[in-house]
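Peer 1: The following block contains the structure, expressed as structure tokens.
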Amino acid sequence: MITIDGLTKTYGTTLAVDDVTFTAASGRVTGFLGPNGAGKSTTMRIMVGLTRATSGHATISGRRFADLPNPGLEVGVLLDASAQHAGRTGREILTLAQQYMGLPRARVEEMLAVVSLTPDEAGRRVGEYSLGMRQRLGIATALIGDPEVLILDEPANGLDPAGIRWMRDLLRGYADRGGTVLLSSHLLHEIEVIADDIVMIGLGRIVSQGSKTDLLRAAGTVVRAADIARLEQALTAAGLVTTRAGDGALHTDTEAARVGTIALGAGIALTELRAAEGAGLEEMFLELTSASQREGVPA
Ligand SMILES: Nc1ncnc2c1ncn2[C@@H]1O[C@H](COP(=O)(O)OP(=O)(O)OP(=O)(O)O)[C@@H](O)[C@H]1O
């Protein structure tokens, strides 16, 4: 379990992380979502002792990272896959990790197999690796000590579709066995597919957090009718908040059953009625983080 309590980080006049509090629970994948520059990496760097917080605390399984006697056995970290020594081979990097964590030699080959790096690839210098191969090696290094907690910054970066699926299954299995997974992304879909819980951050502040199921439910309903203006009128008259999506559908902030009942009462035949899910979550994400979106939110 990871606990973040009132974490704040300033760089000069930049408030990178602003009073952030959340928990990533055991047995769950927590997605840490936010636009570029929102403060995700800074928060994660503080968790693993690479950056000092201005105020607040971060603990892993109840202890500060600096107080963990053999951190690799408690927490696997992948912050920047390109930070590995370019002149060493993948196998050498894993062997160093195996040695300083005091693990059996066999763990190196086991991990290479887990992340599907072939013996030939393992013998090549990391400087010659593709980004996806470096991510795989980074994940192997994070997992080698069989830690209870995984902290991964943008782990899907550079992976191809099969690689993304592989990583998703790996992290799912890890959480299902009781592990804690915290992964960051600015890609909503990636987080939406894998996460059990979502923490959304914008301009250093948490703008929303909760279980994915609850957030998706709160994302509302998409509804369509031949006479969309009359439907809009009926829903607004019933006190619902509606917005017109670009494709002509209406988005409401309430559940489908209520929308259906109102339409039936007004004698309006619907052509579509469904939970907004991904689209709703995206809208929520753009809205909640609008102040920190470089491009602003499209109308
Ligand atoms: N070492 C540093 N010195 C000064 N400012 C920094 C430093 N590191 C981060 N920042 C600033 O802190 C803010 C948060 O950056 P951070 O890298 O944590 O965002 P992020 O959410 O990880 O973004 P991305 O999705 O682009 O990786 C940004 O305004 C950034 O410019």
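Naming works like this for the structure tokens: A, B, ... for the chains as they're shown, residue 1 at the start of each chain, ligands 1 onward in shown order.
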Using the chain letters and numbers from this document, which residues of region 31-216 of chain A does DSSP assign to strand (DSSP E), as a ChimeraX atom specification?
Peer 2: /A:31-33,55-60,75-78,149-153,180-185,197-202,205-211
Peer 1: Using N, CA and C atoms, can you export the residues from the last selection as a short mmCIF file (atom, residue, chain, number, x, y, z; two decimals), in the first residue's frame?
Peer 2:
```cif
data_model
loop_
_atom_site.label_atom_id
_atom_site.label_comp_id
_atom_site.auth_asym_id
_atom_site.auth_seq_id
_atom_site.Cartn_x
_atom_site.Cartn_y
_atom_site.Cartn_z
N GLY A 31 -4.54 4.07 -11.17
CA GLY A 31 -4.07 4.87 -12.31
C GLY A 31 -3.92 6.31 -11.88
N PHE A 32 -2.76 6.87 -12.17
CA PHE A 32 -2.46 8.25 -11.79
C PHE A 32 -2.47 9.04 -13.10
N LEU A 33 -3.51 9.81 -13.30
CA LEU A 33 -3.82 10.37 -14.61
C LEU A 33 -3.76 11.88 -14.58
N SER A 55 6.63 19.81 1.65
CA SER A 55 5.93 19.39 2.87
C SER A 55 5.09 18.16 2.55
N GLY A 56 4.61 17.50 3.60
CA GLY A 56 3.81 16.29 3.43
C GLY A 56 4.66 15.03 3.45
N HIS A 57 3.99 13.88 3.34
CA HIS A 57 4.68 12.59 3.47
C HIS A 57 4.23 11.61 2.40
N ALA A 58 5.13 10.70 2.09
CA ALA A 58 4.76 9.55 1.24
C ALA A 58 5.33 8.32 1.92
N THR A 59 4.50 7.30 2.12
CA THR A 59 5.00 6.06 2.70
C THR A 59 4.62 4.87 1.83
N ILE A 60 5.49 3.86 1.90
CA ILE A 60 5.29 2.61 1.16
C ILE A 60 5.20 1.52 2.21
N VAL A 75 9.64 -2.43 -3.02
CA VAL A 75 9.00 -1.61 -4.06
C VAL A 75 9.79 -1.67 -5.36
N GLY A 76 9.09 -2.00 -6.44
CA GLY A 76 9.69 -2.01 -7.77
C GLY A 76 9.39 -0.68 -8.43
N VAL A 77 10.42 -0.08 -9.01
CA VAL A 77 10.27 1.28 -9.53
C VAL A 77 10.70 1.33 -10.99
N LEU A 78 9.88 1.92 -11.83
CA LEU A 78 10.28 2.21 -13.20
C LEU A 78 9.86 3.65 -13.50
N VAL A 149 4.97 -3.71 -3.85
CA VAL A 149 4.47 -2.46 -4.44
C VAL A 149 5.22 -2.17 -5.75
N LEU A 150 4.48 -1.74 -6.75
CA LEU A 150 5.10 -1.33 -8.03
C LEU A 150 4.74 0.12 -8.33
N ILE A 151 5.74 0.93 -8.67
CA ILE A 151 5.50 2.33 -9.03
C ILE A 151 6.07 2.53 -10.43
N LEU A 152 5.20 2.78 -11.39
CA LEU A 152 5.61 2.83 -12.79
C LEU A 152 5.15 4.13 -13.44
N ASP A 153 6.11 4.87 -13.98
CA ASP A 153 5.77 6.13 -14.64
C ASP A 153 5.68 5.88 -16.14
N THR A 180 0.36 -4.04 -4.91
CA THR A 180 -0.12 -2.67 -5.10
C THR A 180 0.54 -2.13 -6.36
N VAL A 181 -0.25 -1.66 -7.30
CA VAL A 181 0.33 -1.10 -8.52
C VAL A 181 -0.12 0.35 -8.66
N LEU A 182 0.84 1.24 -8.79
CA LEU A 182 0.52 2.64 -9.11
C LEU A 182 1.18 2.94 -10.44
N LEU A 183 0.37 3.31 -11.43
CA LEU A 183 0.98 3.66 -12.71
C LEU A 183 0.44 4.97 -13.21
N SER A 184 1.32 5.77 -13.79
CA SER A 184 0.90 7.07 -14.27
C SER A 184 0.76 7.01 -15.78
N SER A 185 -0.08 7.90 -16.28
CA SER A 185 -0.19 8.05 -17.73
C SER A 185 -0.90 9.36 -18.02
N ASP A 197 -8.75 1.83 -9.58
CA ASP A 197 -8.97 3.14 -8.98
C ASP A 197 -8.26 4.19 -9.82
N ILE A 198 -8.81 5.38 -9.82
CA ILE A 198 -8.21 6.45 -10.63
C ILE A 198 -8.01 7.69 -9.77
N VAL A 199 -6.81 8.26 -9.86
CA VAL A 199 -6.54 9.55 -9.22
C VAL A 199 -6.23 10.51 -10.37
N MET A 200 -7.05 11.56 -10.51
CA MET A 200 -6.80 12.54 -11.59
C MET A 200 -6.16 13.78 -11.00
N ILE A 201 -5.11 14.25 -11.66
CA ILE A 201 -4.38 15.40 -11.17
C ILE A 201 -4.26 16.43 -12.29
N GLY A 202 -4.40 17.70 -11.93
CA GLY A 202 -4.23 18.80 -12.88
C GLY A 202 -3.59 19.96 -12.15
N ARG A 205 -2.81 19.60 -8.44
CA ARG A 205 -3.87 19.32 -7.46
C ARG A 205 -4.70 18.13 -7.90
N ILE A 206 -5.19 17.37 -6.94
CA ILE A 206 -6.10 16.27 -7.29
C ILE A 206 -7.45 16.87 -7.64
N VAL A 207 -7.96 16.50 -8.82
CA VAL A 207 -9.24 17.04 -9.24
C VAL A 207 -10.36 16.00 -9.09
N SER A 208 -10.00 14.74 -9.02
CA SER A 208 -11.01 13.70 -8.83
C SER A 208 -10.30 12.41 -8.44
N GLN A 209 -10.92 11.62 -7.60
CA GLN A 209 -10.38 10.30 -7.30
C GLN A 209 -11.49 9.38 -6.85
N GLY A 210 -11.32 8.10 -7.12
CA GLY A 210 -12.33 7.13 -6.72
C GLY A 210 -12.16 5.86 -7.52
N SER A 211 -13.10 4.91 -7.32
CA SER A 211 -12.99 3.68 -8.10
C SER A 211 -13.42 3.99 -9.53
#
```
Peer 1: Neighbouring residues of ligand 1 are defined here as those with any atom at most 9 Å from a ligand atom, counting only C-alpha atoms and all ligand atoms; list them as a ChimeraX atom specification.
Peer 2: /A:9-12,14-17,33-45,51,153-154,184-187,201-204
Peer 1: Can you spit out the residues from that selection as a CSV table (one decimal), in the first residue's frame, using C-alpha atoms?
Peer 2:
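Dumped to selection_39.csv:
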```csv
chain,number,residue,atom,x,y,z
A,9,LYS,CA,6.5,20.4,-3.9
A,10,THR,CA,7.6,23.8,-5.1
A,11,TYR,CA,10.4,24.6,-7.6
A,12,GLY,CA,11.1,28.3,-7.1
A,14,THR,CA,6.3,26.8,-9.6
A,15,LEU,CA,3.9,24.8,-7.5
A,16,ALA,CA,4.5,21.3,-9.0
A,17,VAL,CA,2.5,19.3,-6.5
A,33,LEU,CA,-3.8,10.4,-14.6
A,34,GLY,CA,-3.1,13.9,-15.6
A,35,PRO,CA,-2.1,16.1,-18.6
A,36,ASN,CA,1.6,17.0,-19.3
A,37,GLY,CA,3.2,18.9,-16.5
A,38,ALA,CA,0.4,18.0,-14.0
A,39,GLY,CA,2.8,16.8,-11.3
A,40,LYS,CA,2.7,13.0,-11.8
A,41,SER,CA,6.4,12.3,-12.2
A,42,THR,CA,7.3,14.7,-9.3
A,43,THR,CA,4.9,12.9,-7.0
A,44,MET,CA,6.3,9.6,-7.9
A,45,ARG,CA,9.9,10.8,-7.6
A,51,THR,CA,13.0,14.4,-4.9
A,153,ASP,CA,5.8,6.1,-14.6
A,154,GLU,CA,4.3,5.8,-18.1
A,184,SER,CA,0.9,7.1,-14.3
A,185,SER,CA,-0.2,8.1,-17.7
A,186,HIS,CA,-1.5,11.0,-19.6
A,187,LEU,CA,-3.4,8.5,-21.8
A,201,ILE,CA,-4.4,15.4,-11.2
A,202,GLY,CA,-4.2,18.8,-12.9
A,203,LEU,CA,-1.8,21.7,-12.1
A,204,GLY,CA,-0.5,19.8,-9.1
```
Peer 1: Need to verify the contact set: Glu128 (chain A), 10 Å, only C-alpha atoms, exclusion of same-chain residues closer than 5 positions in sequence. Can you return it as a VMD selection string?
Peer 2: chain A and resid 86 to 87 89 121 133 to 134
Peer 1: Store the residues of this selection in a file with N, CA and C atoms, as a short mmCIF file (atom, residue, chain, number, x, y, z; two decimals), in the first residue's frame.
Peer 2:
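Ended up saving to selection_0.cif:
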```cif
data_model
loop_
_atom_site.label_atom_id
_atom_site.label_comp_id
_atom_site.auth_asym_id
_atom_site.auth_seq_id
_atom_site.Cartn_x
_atom_site.Cartn_y
_atom_site.Cartn_z
N ALA A 86 23.70 2.79 -20.80
CA ALA A 86 23.62 2.39 -22.21
C ALA A 86 24.71 1.38 -22.59
N GLY A 87 25.84 1.38 -21.85
CA GLY A 87 26.97 0.52 -22.22
C GLY A 87 26.86 -0.89 -21.66
N THR A 89 24.84 -4.56 -20.91
CA THR A 89 23.82 -5.39 -21.55
C THR A 89 22.63 -5.51 -20.58
N GLU A 121 18.86 -10.85 -27.17
CA GLU A 121 18.59 -9.45 -26.79
C GLU A 121 19.23 -9.13 -25.44
N MET A 133 11.94 -2.29 -25.74
CA MET A 133 12.84 -3.27 -25.08
C MET A 133 13.36 -2.71 -23.76
N ARG A 134 13.63 -1.39 -23.76
CA ARG A 134 14.09 -0.77 -22.50
C ARG A 134 12.99 -0.79 -21.44
#
```
Peer 1: Which is closest to Gly62 (chain A) among A:Thr254, A:Gln233, A:Thr3, A:Gln135, if we use only C-alpha atoms?
Peer 2: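 Among the listed residues, the smallest separation from Gly62 (chain A) belongs to A:Thr3.
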Peer 1: I'd like the contact shell of Ala175 (chain A) - 7 Å cut-off, only C-alpha atoms, skipping same-chain residues fewer than 6 positions apart - returned as a tab-separated table (two decimals) with N, CA and C atoms, in the first residue's frame.
Peer 2:
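Contents of out.tsv, as written:
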```
chain	number	residue	atom	x	y	z
A	27	GLY	N	-3.77	-5.06	-3.83
A	27	GLY	CA	-4.73	-5.83	-4.62
A	27	GLY	C	-5.40	-5.02	-5.70
A	28	ARG	N	-4.96	-3.77	-5.88
A	28	ARG	CA	-5.61	-2.90	-6.88
A	28	ARG	C	-4.58	-2.17	-7.73
A	29	VAL	N	-5.01	-1.91	-8.96
A	29	VAL	CA	-4.19	-1.08	-9.85
A	29	VAL	C	-4.74	0.34	-9.75
A	181	VAL	N	-0.25	-1.66	-7.30
A	181	VAL	CA	0.33	-1.10	-8.52
A	181	VAL	C	-0.12	0.35	-8.66
```
Peer 1: May I have all residues of region 170-261 of chain A that DSSP, computed from the backbone, assigns to alpha helix (DSSP H), given as a tab-separated table (two decimals) with C-alpha atoms, in the first residue's frame?
Peer 2:
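Output below, filename out-v3.tsv:
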```tsv
chain	number	residue	atom	x	y	z
A	170	LEU	CA	1.15	-8.75	-16.09
A	171	LEU	CA	0.03	-5.87	-13.87
A	172	ARG	CA	-3.46	-7.31	-13.51
A	173	GLY	CA	-2.02	-10.64	-12.33
A	174	TYR	CA	0.33	-8.85	-9.97
A	175	ALA	CA	-2.52	-6.90	-8.34
A	176	ASP	CA	-4.74	-9.99	-8.24
A	188	LEU	CA	-6.87	8.13	-20.57
A	189	HIS	CA	-7.67	4.95	-22.47
A	190	GLU	CA	-4.66	3.12	-21.07
A	191	ILE	CA	-5.70	3.94	-17.52
A	192	GLU	CA	-9.36	3.28	-18.17
A	193	VAL	CA	-8.68	-0.26	-19.35
A	194	ILE	CA	-6.34	-1.35	-16.59
A	212	LYS	CA	-13.21	3.48	-11.87
A	213	THR	CA	-16.73	2.05	-11.58
A	214	ASP	CA	-17.91	5.06	-9.59
A	215	LEU	CA	-16.19	7.52	-11.89
A	216	LEU	CA	-17.70	5.86	-14.96
A	217	ARG	CA	-21.12	5.89	-13.37
A	218	ALA	CA	-20.69	9.59	-12.63
A	228	ILE	CA	-32.94	16.04	-30.44
A	229	ALA	CA	-34.15	19.57	-29.62
A	230	ARG	CA	-37.40	18.27	-28.11
A	231	LEU	CA	-35.47	15.66	-26.13
A	232	GLU	CA	-33.13	18.34	-24.85
A	233	GLN	CA	-36.09	20.44	-23.77
A	234	ALA	CA	-37.74	17.51	-21.95
A	235	LEU	CA	-34.56	16.60	-20.08
A	236	THR	CA	-33.79	20.19	-19.11
A	237	ALA	CA	-37.40	20.66	-17.94
A	256	ALA	CA	-29.78	5.83	-18.44
A	257	ALA	CA	-32.95	4.59	-16.69
A	258	ARG	CA	-33.95	8.10	-15.61
A	259	VAL	CA	-33.32	9.51	-19.09
A	260	GLY	CA	-35.42	6.72	-20.63
A	261	THR	CA	-38.31	7.37	-18.25
```
Peer 1: For CA of Glu109 (chain A) and CA of Gly127 (chain A), quote the distance in Å rounded to one decimal.
Peer 2: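 Value for the CA of Glu109 (chain A)-CA of Gly127 (chain A) distance: 20.4 Å.
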